[in-house]
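Novice: Next comes start.pdb, PDB, C-alpha atoms, pLDDT in the B column:
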ATOM      1  CA  MET A 732     -33.712   4.171  -4.768  1.00 48.00           C
ATOM      2  CA  GLY A 733     -31.437   1.268  -3.830  1.00 56.00           C
ATOM      3  CA  ILE A 734     -28.221   1.481  -1.843  1.00 59.00           C
ATOM      4  CA  THR A 735     -26.025   1.177  -4.918  1.00 61.00           C
ATOM      5  CA  GLU A 736     -27.851   3.917  -6.805  1.00 67.00           C
ATOM      6  CA  PHE A 737     -27.816   6.201  -3.758  1.00 62.00           C
ATOM      7  CA  LEU A 738     -24.069   5.757  -3.200  1.00 67.00           C
ATOM      8  CA  ALA A 739     -23.335   6.236  -6.887  1.00 71.00           C
ATOM      9  CA  GLU A 740     -25.326   9.471  -7.045  1.00 80.00           C
ATOM     10  CA  TYR A 741     -23.962  10.822  -3.756  1.00 78.00           C
ATOM     11  CA  ILE A 742     -20.303  10.048  -4.406  1.00 79.00           C
ATOM     12  CA  THR A 743     -20.295  11.136  -8.041  1.00 86.00           C
ATOM     13  CA  GLY A 744     -22.180  14.296  -7.059  1.00 87.00           C
ATOM     14  CA  PHE A 745     -19.566  15.134  -4.443  1.00 88.00           C
ATOM     15  CA  MET A 746     -16.723  14.271  -6.799  1.00 90.00           C
ATOM     16  CA  GLU A 747     -18.228  16.380  -9.577  1.00 88.00           C
ATOM     17  CA  SER A 748     -18.621  19.400  -7.283  1.00 91.00           C
ATOM     18  CA  THR A 749     -15.038  19.185  -6.001  1.00 91.00           C
ATOM     19  CA  GLY A 750     -13.440  18.181  -9.296  1.00 90.00           C
ATOM     20  CA  TYR A 751     -10.204  16.313  -9.826  1.00 94.00           C
ATOM     21  CA  ILE A 752      -8.925  17.433  -6.413  1.00 94.00           C
ATOM     22  CA  THR A 753     -10.953  14.680  -4.728  1.00 93.00           C
ATOM     23  CA  VAL A 754      -9.396  12.062  -6.989  1.00 94.00           C
ATOM     24  CA  PHE A 755      -5.933  13.505  -6.332  1.00 96.00           C
ATOM     25  CA  PHE A 756      -6.127  13.583  -2.528  1.00 94.00           C
ATOM     26  CA  GLY A 757      -8.056  10.323  -2.407  1.00 91.00           C
ATOM     27  CA  MET A 758      -5.245   8.538  -4.219  1.00 93.00           C
ATOM     28  CA  ILE A 759      -2.611  10.200  -2.034  1.00 93.00           C
ATOM     29  CA  MET A 760      -4.317   8.688   0.991  1.00 89.00           C
ATOM     30  CA  GLU A 761      -4.813   5.361  -0.794  1.00 87.00           C
ATOM     31  CA  SER A 762      -1.078   5.148  -1.499  1.00 88.00           C
ATOM     32  CA  MET A 763      -0.179   5.772   2.124  1.00 84.00           C
ATOM     33  CA  VAL A 764      -1.311   3.881   5.219  1.00 74.00           C
ATOM     34  CA  PHE A 765      -4.809   5.346   5.363  1.00 76.00           C
ATOM     35  CA  PRO A 766      -7.649   2.830   4.923  1.00 68.00           C
ATOM     36  CA  VAL A 767      -8.921   4.445   1.719  1.00 77.00           C
ATOM     37  CA  PRO A 768      -9.287   1.856  -1.074  1.00 79.00           C
ATOM     38  CA  SER A 769      -8.848   2.911  -4.687  1.00 84.00           C
ATOM     39  CA  GLU A 770     -11.897   0.768  -5.468  1.00 80.00           C
ATOM     40  CA  ALA A 771     -13.985   3.387  -3.652  1.00 79.00           C
ATOM     41  CA  ILE A 772     -12.600   6.264  -5.735  1.00 87.00           C
ATOM     42  CA  MET A 773     -11.633   5.360  -9.268  1.00 89.00           C
ATOM     43  CA  PRO A 774     -14.828   3.636 -10.508  1.00 88.00           C
ATOM     44  CA  PHE A 775     -16.841   6.733  -9.602  1.00 90.00           C
ATOM     45  CA  ALA A 776     -14.360   8.872 -11.481  1.00 92.00           C
ATOM     46  CA  GLY A 777     -15.094   6.504 -14.365  1.00 91.00           C
ATOM     47  CA  PHE A 778     -18.796   7.310 -13.955  1.00 91.00           C
ATOM     48  CA  LEU A 779     -18.016  10.979 -14.503  1.00 93.00           C
ATOM     49  CA  ILE A 780     -15.932  10.134 -17.573  1.00 93.00           C
ATOM     50  CA  ALA A 781     -18.981   8.377 -19.018  1.00 91.00           C
ATOM     51  CA  GLU A 782     -21.078  11.472 -18.281  1.00 90.00           C
ATOM     52  CA  GLY A 783     -18.570  13.725 -20.017  1.00 91.00           C
ATOM     53  CA  ARG A 784     -17.682  15.654 -16.847  1.00 92.00           C
ATOM     54  CA  PHE A 785     -14.174  14.220 -16.493  1.00 94.00           C
ATOM     55  CA  SER A 786     -11.769  13.147 -19.224  1.00 95.00           C
ATOM     56  CA  PHE A 787     -10.152   9.737 -19.201  1.00 94.00           C
ATOM     57  CA  LEU A 788      -6.693  11.252 -19.632  1.00 95.00           C
ATOM     58  CA  GLY A 789      -7.324  13.733 -16.821  1.00 95.00           C
ATOM     59  CA  VAL A 790      -8.528  11.052 -14.410  1.00 95.00           C
ATOM     60  CA  ILE A 791      -5.592   8.729 -15.114  1.00 95.00           C
ATOM     61  CA  GLY A 792      -3.088  11.572 -14.952  1.00 96.00           C
ATOM     62  CA  ILE A 793      -4.306  13.128 -11.700  1.00 96.00           C
ATOM     63  CA  SER A 794      -4.935   9.786  -9.962  1.00 95.00           C
ATOM     64  CA  THR A 795      -1.484   8.479 -10.872  1.00 96.00           C
ATOM     65  CA  LEU A 796       0.069  11.751  -9.714  1.00 96.00           C
ATOM     66  CA  GLY A 797      -1.768  11.313  -6.401  1.00 95.00           C
ATOM     67  CA  SER A 798      -0.509   7.731  -6.169  1.00 94.00           C
ATOM     68  CA  ILE A 799       3.112   8.733  -6.681  1.00 95.00           C
ATOM     69  CA  VAL A 800       2.878  11.646  -4.214  1.00 96.00           C
ATOM     70  CA  GLY A 801       1.400   9.404  -1.509  1.00 94.00           C
ATOM     71  CA  SER A 802       3.902   6.650  -2.254  1.00 94.00           C
ATOM     72  CA  LEU A 803       6.839   9.064  -2.072  1.00 95.00           C
ATOM     73  CA  ILE A 804       5.677  10.412   1.285  1.00 92.00           C
ATOM     74  CA  SER A 805       5.621   6.866   2.673  1.00 89.00           C
ATOM     75  CA  TYR A 806       8.933   6.060   0.983  1.00 92.00           C
ATOM     76  CA  PHE A 807      10.694   9.014   2.618  1.00 92.00           C
ATOM     77  CA  ILE A 808       9.093   8.235   5.973  1.00 87.00           C
ATOM     78  CA  GLY A 809      10.635   4.767   5.747  1.00 85.00           C
ATOM     79  CA  LEU A 810      13.953   6.110   4.409  1.00 86.00           C
ATOM     80  CA  TYR A 811      14.534   8.898   6.928  1.00 86.00           C
ATOM     81  CA  GLY A 812      12.302   7.980   9.850  1.00 79.00           C
ATOM     82  CA  GLY A 813      12.998   4.276   9.859  1.00 70.00           C
ATOM     83  CA  ARG A 814      11.177   1.649  11.841  1.00 71.00           C
ATOM     84  CA  PRO A 815      11.205   3.687  15.111  1.00 71.00           C
ATOM     85  CA  PHE A 816       9.247   6.517  13.430  1.00 68.00           C
ATOM     86  CA  VAL A 817       6.726   4.073  11.980  1.00 69.00           C
ATOM     87  CA  ASN A 818       6.286   2.341  15.340  1.00 67.00           C
ATOM     88  CA  LYS A 819       5.856   5.618  17.185  1.00 65.00           C
ATOM     89  CA  PHE A 820       3.437   7.419  14.875  1.00 59.00           C
ATOM     90  CA  GLY A 821       1.768   4.555  13.016  1.00 61.00           C
ATOM     91  CA  LYS A 822      -0.890   4.227  15.694  1.00 58.00           C
ATOM     92  CA  TYR A 823      -2.353   7.609  14.747  1.00 53.00           C
ATOM     93  CA  VAL A 824      -3.406   6.250  11.349  1.00 52.00           C
ATOM     94  CA  LEU A 825      -4.281   2.765  12.635  1.00 50.00           C
ATOM     95  CA  LEU A 826      -1.186   1.238  11.018  1.00 61.00           C
ATOM     96  CA  ASP A 827      -1.397  -2.501  11.562  1.00 60.00           C
ATOM     97  CA  GLN A 828       2.077  -3.770  12.528  1.00 65.00           C
ATOM     98  CA  GLU A 829       1.228  -7.324  11.513  1.00 69.00           C
ATOM     99  CA  GLU A 830       0.222  -6.141   8.044  1.00 67.00           C
ATOM    100  CA  LEU A 831       3.403  -4.065   7.819  1.00 70.00           C
ATOM    101  CA  ASN A 832       5.502  -7.092   8.785  1.00 73.00           C
ATOM    102  CA  LEU A 833       3.726  -9.157   6.141  1.00 74.00           C
ATOM    103  CA  THR A 834       4.398  -6.463   3.545  1.00 75.00           C
ATOM    104  CA  GLU A 835       8.075  -6.291   4.507  1.00 76.00           C
ATOM    105  CA  ARG A 836       8.414 -10.060   4.076  1.00 80.00           C
ATOM    106  CA  PHE A 837       6.645  -9.792   0.727  1.00 77.00           C
ATOM    107  CA  PHE A 838       9.099  -7.073  -0.345  1.00 82.00           C
ATOM    108  CA  ARG A 839      12.152  -9.070   0.740  1.00 80.00           C
ATOM    109  CA  LYS A 840      10.893 -12.187  -1.039  1.00 79.00           C
ATOM    110  CA  HIS A 841       9.989 -10.646  -4.376  1.00 75.00           C
ATOM    111  CA  GLY A 842      12.410  -7.731  -4.492  1.00 76.00           C
ATOM    112  CA  GLU A 843      11.948  -4.422  -6.265  1.00 80.00           C
ATOM    113  CA  ALA A 844       9.351  -5.856  -8.673  1.00 84.00           C
ATOM    114  CA  THR A 845       7.032  -5.882  -5.647  1.00 86.00           C
ATOM    115  CA  ILE A 846       6.503  -2.133  -6.112  1.00 88.00           C
ATOM    116  CA  PHE A 847       4.797  -2.866  -9.439  1.00 90.00           C
ATOM    117  CA  ILE A 848       3.028  -6.097  -8.440  1.00 86.00           C
ATOM    118  CA  SER A 849       1.687  -4.751  -5.146  1.00 84.00           C
ATOM    119  CA  ARG A 850      -0.528  -2.191  -6.908  1.00 85.00           C
ATOM    120  CA  PHE A 851      -2.877  -5.037  -7.731  1.00 85.00           C
ATOM    121  CA  ILE A 852      -2.921  -6.521  -4.215  1.00 80.00           C
ATOM    122  CA  PRO A 853      -5.236  -5.158  -1.472  1.00 75.00           C
ATOM    123  CA  VAL A 854      -3.615  -4.011   1.806  1.00 73.00           C
ATOM    124  CA  VAL A 855      -0.083  -4.562   0.475  1.00 77.00           C
ATOM    125  CA  ARG A 856      -0.350  -1.602  -1.911  1.00 81.00           C
ATOM    126  CA  HIS A 857      -1.147   0.730   1.012  1.00 79.00           C
ATOM    127  CA  LEU A 858       2.034  -0.196   2.864  1.00 80.00           C
ATOM    128  CA  ILE A 859       4.616  -1.308   0.295  1.00 84.00           C
ATOM    129  CA  SER A 860       6.312   2.096   0.033  1.00 88.00           C
ATOM    130  CA  LEU A 861       7.405   1.961   3.677  1.00 85.00           C
ATOM    131  CA  PRO A 862       9.604  -1.165   3.339  1.00 85.00           C
ATOM    132  CA  ALA A 863      10.920   0.234   0.038  1.00 89.00           C
ATOM    133  CA  GLY A 864      12.130   3.280   1.930  1.00 88.00           C
ATOM    134  CA  LEU A 865      13.417   1.191   4.818  1.00 84.00           C
ATOM    135  CA  ALA A 866      15.412  -0.900   2.316  1.00 84.00           C
ATOM    136  CA  LYS A 867      16.746   2.285   0.658  1.00 87.00           C
ATOM    137  CA  MET A 868      15.523   1.188  -2.752  1.00 89.00           C
ATOM    138  CA  ASN A 869      16.785   3.241  -5.699  1.00 91.00           C
ATOM    139  CA  LEU A 870      14.453   6.242  -5.918  1.00 94.00           C
ATOM    140  CA  TRP A 871      14.156   6.327  -9.719  1.00 93.00           C
ATOM    141  CA  LYS A 872      13.316   2.623  -9.903  1.00 92.00           C
ATOM    142  CA  PHE A 873      10.754   3.150  -7.179  1.00 93.00           C
ATOM    143  CA  VAL A 874       9.132   6.064  -9.032  1.00 94.00           C
ATOM    144  CA  ILE A 875       9.039   4.294 -12.409  1.00 94.00           C
ATOM    145  CA  LEU A 876       7.585   1.054 -11.014  1.00 93.00           C
ATOM    146  CA  THR A 877       5.046   2.994  -8.953  1.00 93.00           C
ATOM    147  CA  VAL A 878       3.897   5.037 -11.941  1.00 94.00           C
ATOM    148  CA  LEU A 879       3.567   1.916 -14.115  1.00 95.00           C
ATOM    149  CA  GLY A 880       1.715  -0.148 -11.517  1.00 93.00           C
ATOM    150  CA  ALA A 881      -0.508   2.630 -10.206  1.00 93.00           C
ATOM    151  CA  GLY A 882      -1.239   3.928 -13.702  1.00 94.00           C
ATOM    152  CA  LEU A 883      -2.415   0.524 -14.948  1.00 95.00           C
ATOM    153  CA  TRP A 884      -4.504  -0.158 -11.840  1.00 93.00           C
ATOM    154  CA  ASN A 885      -6.097   3.279 -11.841  1.00 93.00           C
ATOM    155  CA  ALA A 886      -6.874   3.008 -15.548  1.00 94.00           C
ATOM    156  CA  PHE A 887      -8.471  -0.400 -15.041  1.00 93.00           C
ATOM    157  CA  LEU A 888     -10.718   0.795 -12.212  1.00 91.00           C
ATOM    158  CA  ALA A 889     -11.689   3.946 -14.103  1.00 93.00           C
ATOM    159  CA  TYR A 890     -12.619   1.848 -17.133  1.00 93.00           C
ATOM    160  CA  VAL A 891     -14.705  -0.469 -14.933  1.00 89.00           C
ATOM    161  CA  GLY A 892     -16.632   2.566 -13.692  1.00 88.00           C
ATOM    162  CA  PHE A 893     -16.963   3.913 -17.242  1.00 93.00           C
ATOM    163  CA  TYR A 894     -18.292   0.562 -18.490  1.00 90.00           C
ATOM    164  CA  LEU A 895     -20.755   0.196 -15.623  1.00 85.00           C
ATOM    165  CA  LYS A 896     -22.138   3.683 -16.164  1.00 86.00           C
ATOM    166  CA  GLN A 897     -22.492   3.052 -19.881  1.00 84.00           C
ATOM    167  CA  ASN A 898     -24.545  -0.024 -19.017  1.00 79.00           C
ATOM    168  CA  TRP A 899     -26.254   1.399 -15.924  1.00 66.00           C
ATOM    169  CA  GLU A 900     -29.758   0.369 -16.958  1.00 68.00           C
ATOM    170  CA  VAL A 901     -28.616  -3.238 -17.237  1.00 59.00           C
ATOM    171  CA  VAL A 902     -26.870  -3.008 -13.858  1.00 58.00           C
ATOM    172  CA  MET A 903     -30.021  -1.624 -12.244  1.00 58.00           C
ATOM    173  CA  LYS A 904     -32.045  -4.589 -13.517  1.00 60.00           C
ATOM    174  CA  TYR A 905     -30.119  -6.606 -10.987  1.00 55.00           C
ATOM    175  CA  SER A 906     -30.144  -3.851  -8.374  1.00 55.00           C
ATOM    176  CA  ARG A 907     -31.071  -6.152  -5.478  1.00 62.00           C
ATOM    177  CA  ILE A 908     -28.141  -8.449  -6.162  1.00 63.00           C
ATOM    178  CA  VAL A 909     -25.837  -5.472  -6.672  1.00 55.00           C
ATOM    179  CA  ASP A 910     -27.042  -3.924  -3.396  1.00 56.00           C
ATOM    180  CA  ILE A 911     -26.232  -7.140  -1.542  1.00 67.00           C
ATOM    181  CA  VAL A 912     -22.741  -7.224  -3.061  1.00 62.00           C
ATOM    182  CA  VAL A 913     -22.183  -3.568  -2.132  1.00 60.00           C
ATOM    183  CA  LEU A 914     -23.373  -4.204   1.432  1.00 64.00           C
ATOM    184  CA  VAL A 915     -20.983  -7.138   1.756  1.00 69.00           C
ATOM    185  CA  ILE A 916     -18.091  -5.012   0.484  1.00 64.00           C
ATOM    186  CA  LEU A 917     -18.976  -2.178   2.886  1.00 64.00           C
ATOM    187  CA  ALA A 918     -19.215  -4.660   5.761  1.00 72.00           C
ATOM    188  CA  VAL A 919     -15.766  -6.033   4.896  1.00 68.00           C
ATOM    189  CA  LEU A 920     -14.269  -2.539   4.771  1.00 64.00           C
ATOM    190  CA  VAL A 921     -15.833  -1.587   8.110  1.00 68.00           C
ATOM    191  CA  GLY A 922     -14.672  -4.897   9.554  1.00 71.00           C
ATOM    192  CA  MET A 923     -11.098  -4.232   8.408  1.00 64.00           C
ATOM    193  CA  PHE A 924     -11.191  -0.760   9.954  1.00 64.00           C
ATOM    194  CA  VAL A 925     -12.555  -2.073  13.270  1.00 68.00           C
ATOM    195  CA  ARG A 926      -9.988  -4.885  13.251  1.00 68.00           C
ATOM    196  CA  ARG A 927      -7.156  -2.414  12.804  1.00 63.00           C
ATOM    197  CA  TRP A 928      -8.516  -0.184  15.552  1.00 61.00           C
ATOM    198  CA  TRP A 929      -8.948  -3.103  17.962  1.00 68.00           C
ATOM    199  CA  ARG A 930      -5.473  -4.482  17.290  1.00 64.00           C
ATOM    200  CA  LYS A 931      -3.935  -1.082  17.838  1.00 60.00           C
ATOM    201  CA  LYS A 932      -5.880  -0.612  21.057  1.00 61.00           C
ATOM    202  CA  THR A 933      -4.843  -4.067  22.299  1.00 62.00           C
ATOM    203  CA  VAL A 934      -1.164  -3.477  21.514  1.00 54.00           C
ATOM    204  CA  ASP A 935      -1.170  -0.056  23.177  1.00 56.00           C
ATOM    205  CA  SER A 936      -2.839  -1.469  26.308  1.00 58.00           C
ATOM    206  CA  ARG A 937      -0.044  -4.032  26.688  1.00 56.00           C
ATOM    207  CA  ARG A 938       2.694  -1.397  26.655  1.00 55.00           C
TER     208      ARG A 938
END
Let's see the structure in the file written out as structure tokens.

Specialist:
Amino acid sequence: MGITEFLAEYITGFMESTGYITVFFGMIMESMVFPVPSEAIMPFAGFLIAEGRFSFLGVIGISTLGSIVGSLISYFIGLYGGRPFVNKFGKYVLLDQEELNLTERFFRKHGEATIFISRFIPVVRHLISLPAGLAKMNLWKFVILTVLGAGLWNAFLAYVGFYLKQNWEVVMKYSRIVDIVVLVILAVLVGMFVRRWWRKKTVDSRR
């Protein structure tokens, strides 16, 4: 069994045993500052749709609900806690200040439409709700744009997983290549996590 097949079986098995709750909490974390990418959650939910264990409507509904809950938590942290709160407690979730600054500049440059656009951009989508709260963006606009952006992105990833599972035999014909791609992606994710941890440690040591 290759790496890809092992991960697919393990993750879908865990997700199947825990149900939609894993999708829900996974997307809450993905929409906050935690380093949990939606690409590691939604395609596997799509696998279970293909196997008839999840429904497409259920996956999109619960994942989008998780996205809005996580986004609202970050929004209110930015709105009521402000920058001092983020600076004080961000270190406990490895919040990268440089990435936050980049996201704030992105928000100021592109305005409220950023809330929709950012759902399709790695890193930015994890942090964008904080500057929205800091800027005191209209709550209803924030919710609507978040639901639209997150809903489309979640649906796309779930469909990718559904399509791959439907064509799993074809995918496995190129299992070695797929394994290499998966290893590269895992290495990048680990590298990003280590980079965040090291930056945070370096900044804290200078204080």

Novice: What would the selection look like, as a ChimeraX atom specification, if the PyMOL selection byres ((chain A and resi 781-789) around 9) were run on the coordinates I just shared?

Specialist: /A:747,750-751,776-780,790-794,886,889-890,892-894,896-897

Novice: Work out how far CA of Phe847 in chain A is from CA of Leu833 in chain A, in Å to one decimal.

Specialist: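 Taking CA of Leu833 in chain A as the start and CA of Phe847 in chain A as the end point, the length is 16.8 Å.
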
Novice: Can you tell me how far CA of Ser849 in chain A sits from CA of Ser802 in chain A, in Å to one decimal?

Specialist: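 Atom-to-atom, CA of Ser849 in chain A to CA of Ser802 in chain A, that is 12.0 Å.
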
Novice: Compare A:Leu810, A:Leu876, A:Leu895, A:Ala844 by their minimum atom-to-atom distance to Pro862 in chain A, counting only C-alpha atoms, and give me the closest one.

Specialist: A:Leu810

Novice: Please build the interface table for range 786-873 of chain A against range 755-764 of chain A with a cut-off of 8 Å, listing for each qualifying residue the nearest atom pair and the distance in Å to one decimal; count only C-alpha atoms, order rows by chain and increasing number, and write it as JSON lines.

Specialist:
{"residue": "A:Ile793", "atom": "CA", "partner": "A:Phe755", "partner_atom": "CA", "distance": 5.6}
{"residue": "A:Ser794", "atom": "CA", "partner": "A:Phe755", "partner_atom": "CA", "distance": 5.3}
{"residue": "A:Thr795", "atom": "CA", "partner": "A:Met758", "partner_atom": "CA", "distance": 7.6}
{"residue": "A:Leu796", "atom": "CA", "partner": "A:Phe755", "partner_atom": "CA", "distance": 7.1}
{"residue": "A:Gly797", "atom": "CA", "partner": "A:Ile759", "partner_atom": "CA", "distance": 4.6}
{"residue": "A:Ser798", "atom": "CA", "partner": "A:Met758", "partner_atom": "CA", "distance": 5.2}
{"residue": "A:Ile799", "atom": "CA", "partner": "A:Ile759", "partner_atom": "CA", "distance": 7.5}
{"residue": "A:Val800", "atom": "CA", "partner": "A:Ile759", "partner_atom": "CA", "distance": 6.1}
{"residue": "A:Gly801", "atom": "CA", "partner": "A:Ile759", "partner_atom": "CA", "distance": 4.1}
{"residue": "A:Ser802", "atom": "CA", "partner": "A:Ser762", "partner_atom": "CA", "distance": 5.3}
{"residue": "A:Ile804", "atom": "CA", "partner": "A:Met763", "partner_atom": "CA", "distance": 7.5}
{"residue": "A:Ser805", "atom": "CA", "partner": "A:Met763", "partner_atom": "CA", "distance": 5.9}
{"residue": "A:Val824", "atom": "CA", "partner": "A:Val764", "partner_atom": "CA", "distance": 6.9}
{"residue": "A:Leu826", "atom": "CA", "partner": "A:Val764", "partner_atom": "CA", "distance": 6.4}
{"residue": "A:Arg856", "atom": "CA", "partner": "A:Ser762", "partner_atom": "CA", "distance": 6.8}
{"residue": "A:His857", "atom": "CA", "partner": "A:Ser762", "partner_atom": "CA", "distance": 5.1}
{"residue": "A:Leu858", "atom": "CA", "partner": "A:Val764", "partner_atom": "CA", "distance": 5.8}
{"residue": "A:Ser860", "atom": "CA", "partner": "A:Met763", "partner_atom": "CA", "distance": 7.7}

Novice: Just give me the gap between CA of Ile772 in chain A and CA of Thr834 in chain A in Å, one decimal is fine.

Specialist: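 Straight-line distance from CA of Ile772 in chain A to CA of Thr834 in chain A works out to 23.2 Å.
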
Novice: Which residue out of A:Ala863, A:Met746, A:Ala739, A:Met773 has the minimum interatomic distance to Ile846 in chain A when only C-alpha atoms are used?

Specialist: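 The answer is A:Ala863, which sits nearest to Ile846 in chain A.
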
Novice: Using all atoms listed in the file, which of the listed residues (A:Ile808, A:Thr749, A:Leu803, A:Phe765) sits closest to Ile875 in chain A?

Specialist: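 When distances to Ile875 in chain A are compared using all atoms listed in the file, the smallest one comes from A:Leu803.
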
Novice: Just checking: using all atoms listed in the file, which residue out of A:Val754, A:Phe775, A:Met868, A:Val891 ends up closest to Glu740 in chain A?

Specialist: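 Selected residue with least distance to Glu740 in chain A: A:Phe775.
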
Novice: So, counting all atoms listed in the file, which residue among A:Ile752, A:Pro774, A:Lys867, A:Trp884 is closest to Gly809 in chain A?

Specialist: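 That would be A:Lys867, the residue with the smallest distance to Gly809 in chain A.
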
Novice: Which of these, A:Phe807, A:Pro768, A:Ile852, A:Gly864, has the shortest distance to Glu835 in chain A once you count all atoms listed in the file?

Specialist: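 Among A:Phe807, A:Pro768, A:Ile852, A:Gly864, it is A:Gly864 that comes nearest to Glu835 in chain A.
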